[in-house]
Amino acid sequence: MARFEMHETELAGAAQMGGADRAETFCDMGLMYATGRGCPVDLVAAHKWLNIAAIKGSDRAAELRADLSHQMSKTEIALALRAARDWMTMH
């Protein structure tokens, strides 16, 4: 588990760029978790990062998040929204 937290931190650090680049980095993080590219599939984490990307201005992330939410339970969506809110509060 620590490996993935470290990877997530590295990607978040890479997102310290400008607005559009930052939103696309968060979108890529969401896609990474949604597809299991380099990590286990985690729909809650995917939704979290796509939500953050959408908030930062990525229309593509908003569309992907909407598609992903159809595969998730209400509880999973609530967990993802809470995680995104917590992350936004901290950063």
# chains A, B, ... in the order shown; residues from 1 in each chain; ligands from 1

$ residues_around --residues "A:Met72" --least-positions-apart "2" --cutoff "12 Å" --atoms "only C-alpha atoms" --output "ChimeraX atom specification"
/A:34,42-47,65-70,74-80

$ residues_around --residues "A:Gly57" --least-positions-apart "6" --cutoff "10 Å" --atoms "only C-alpha atoms" --output "mmCIF file with N, CA and C atoms, in the first residue's frame"
data_model
loop_
_atom_site.group_PDB
_atom_site.id
_atom_site.type_symbol
_atom_site.label_atom_id
_atom_site.label_comp_id
_atom_site.auth_asym_id
_atom_site.auth_seq_id
_atom_site.Cartn_x
_atom_site.Cartn_y
_atom_site.Cartn_z
ATOM 1 N N GLY A 19 -2.519 25.818 -14.501
ATOM 2 C CA GLY A 19 -3.899 25.357 -14.406
ATOM 3 C C GLY A 19 -4.297 24.200 -15.300
ATOM 4 N N ALA A 20 -4.197 24.371 -16.628
ATOM 5 C CA ALA A 20 -4.655 23.322 -17.547
ATOM 6 C C ALA A 20 -3.776 22.077 -17.436
ATOM 7 N N ARG A 22 -2.123 21.122 -14.861
ATOM 8 C CA ARG A 22 -2.416 20.529 -13.556
ATOM 9 C C ARG A 22 -3.696 19.696 -13.625
ATOM 10 N N ALA A 23 -4.729 20.236 -14.245
ATOM 11 C CA ALA A 23 -5.996 19.510 -14.376
ATOM 12 C C ALA A 23 -5.790 18.227 -15.176
ATOM 13 N N GLU A 24 -4.994 18.284 -16.223
ATOM 14 C CA GLU A 24 -4.750 17.088 -17.038
ATOM 15 C C GLU A 24 -3.927 16.050 -16.274
ATOM 16 N N ASN A 51 -12.652 13.894 -10.206
ATOM 17 C CA ASN A 51 -13.433 14.989 -9.638
ATOM 18 C C ASN A 51 -12.548 16.215 -9.425
#
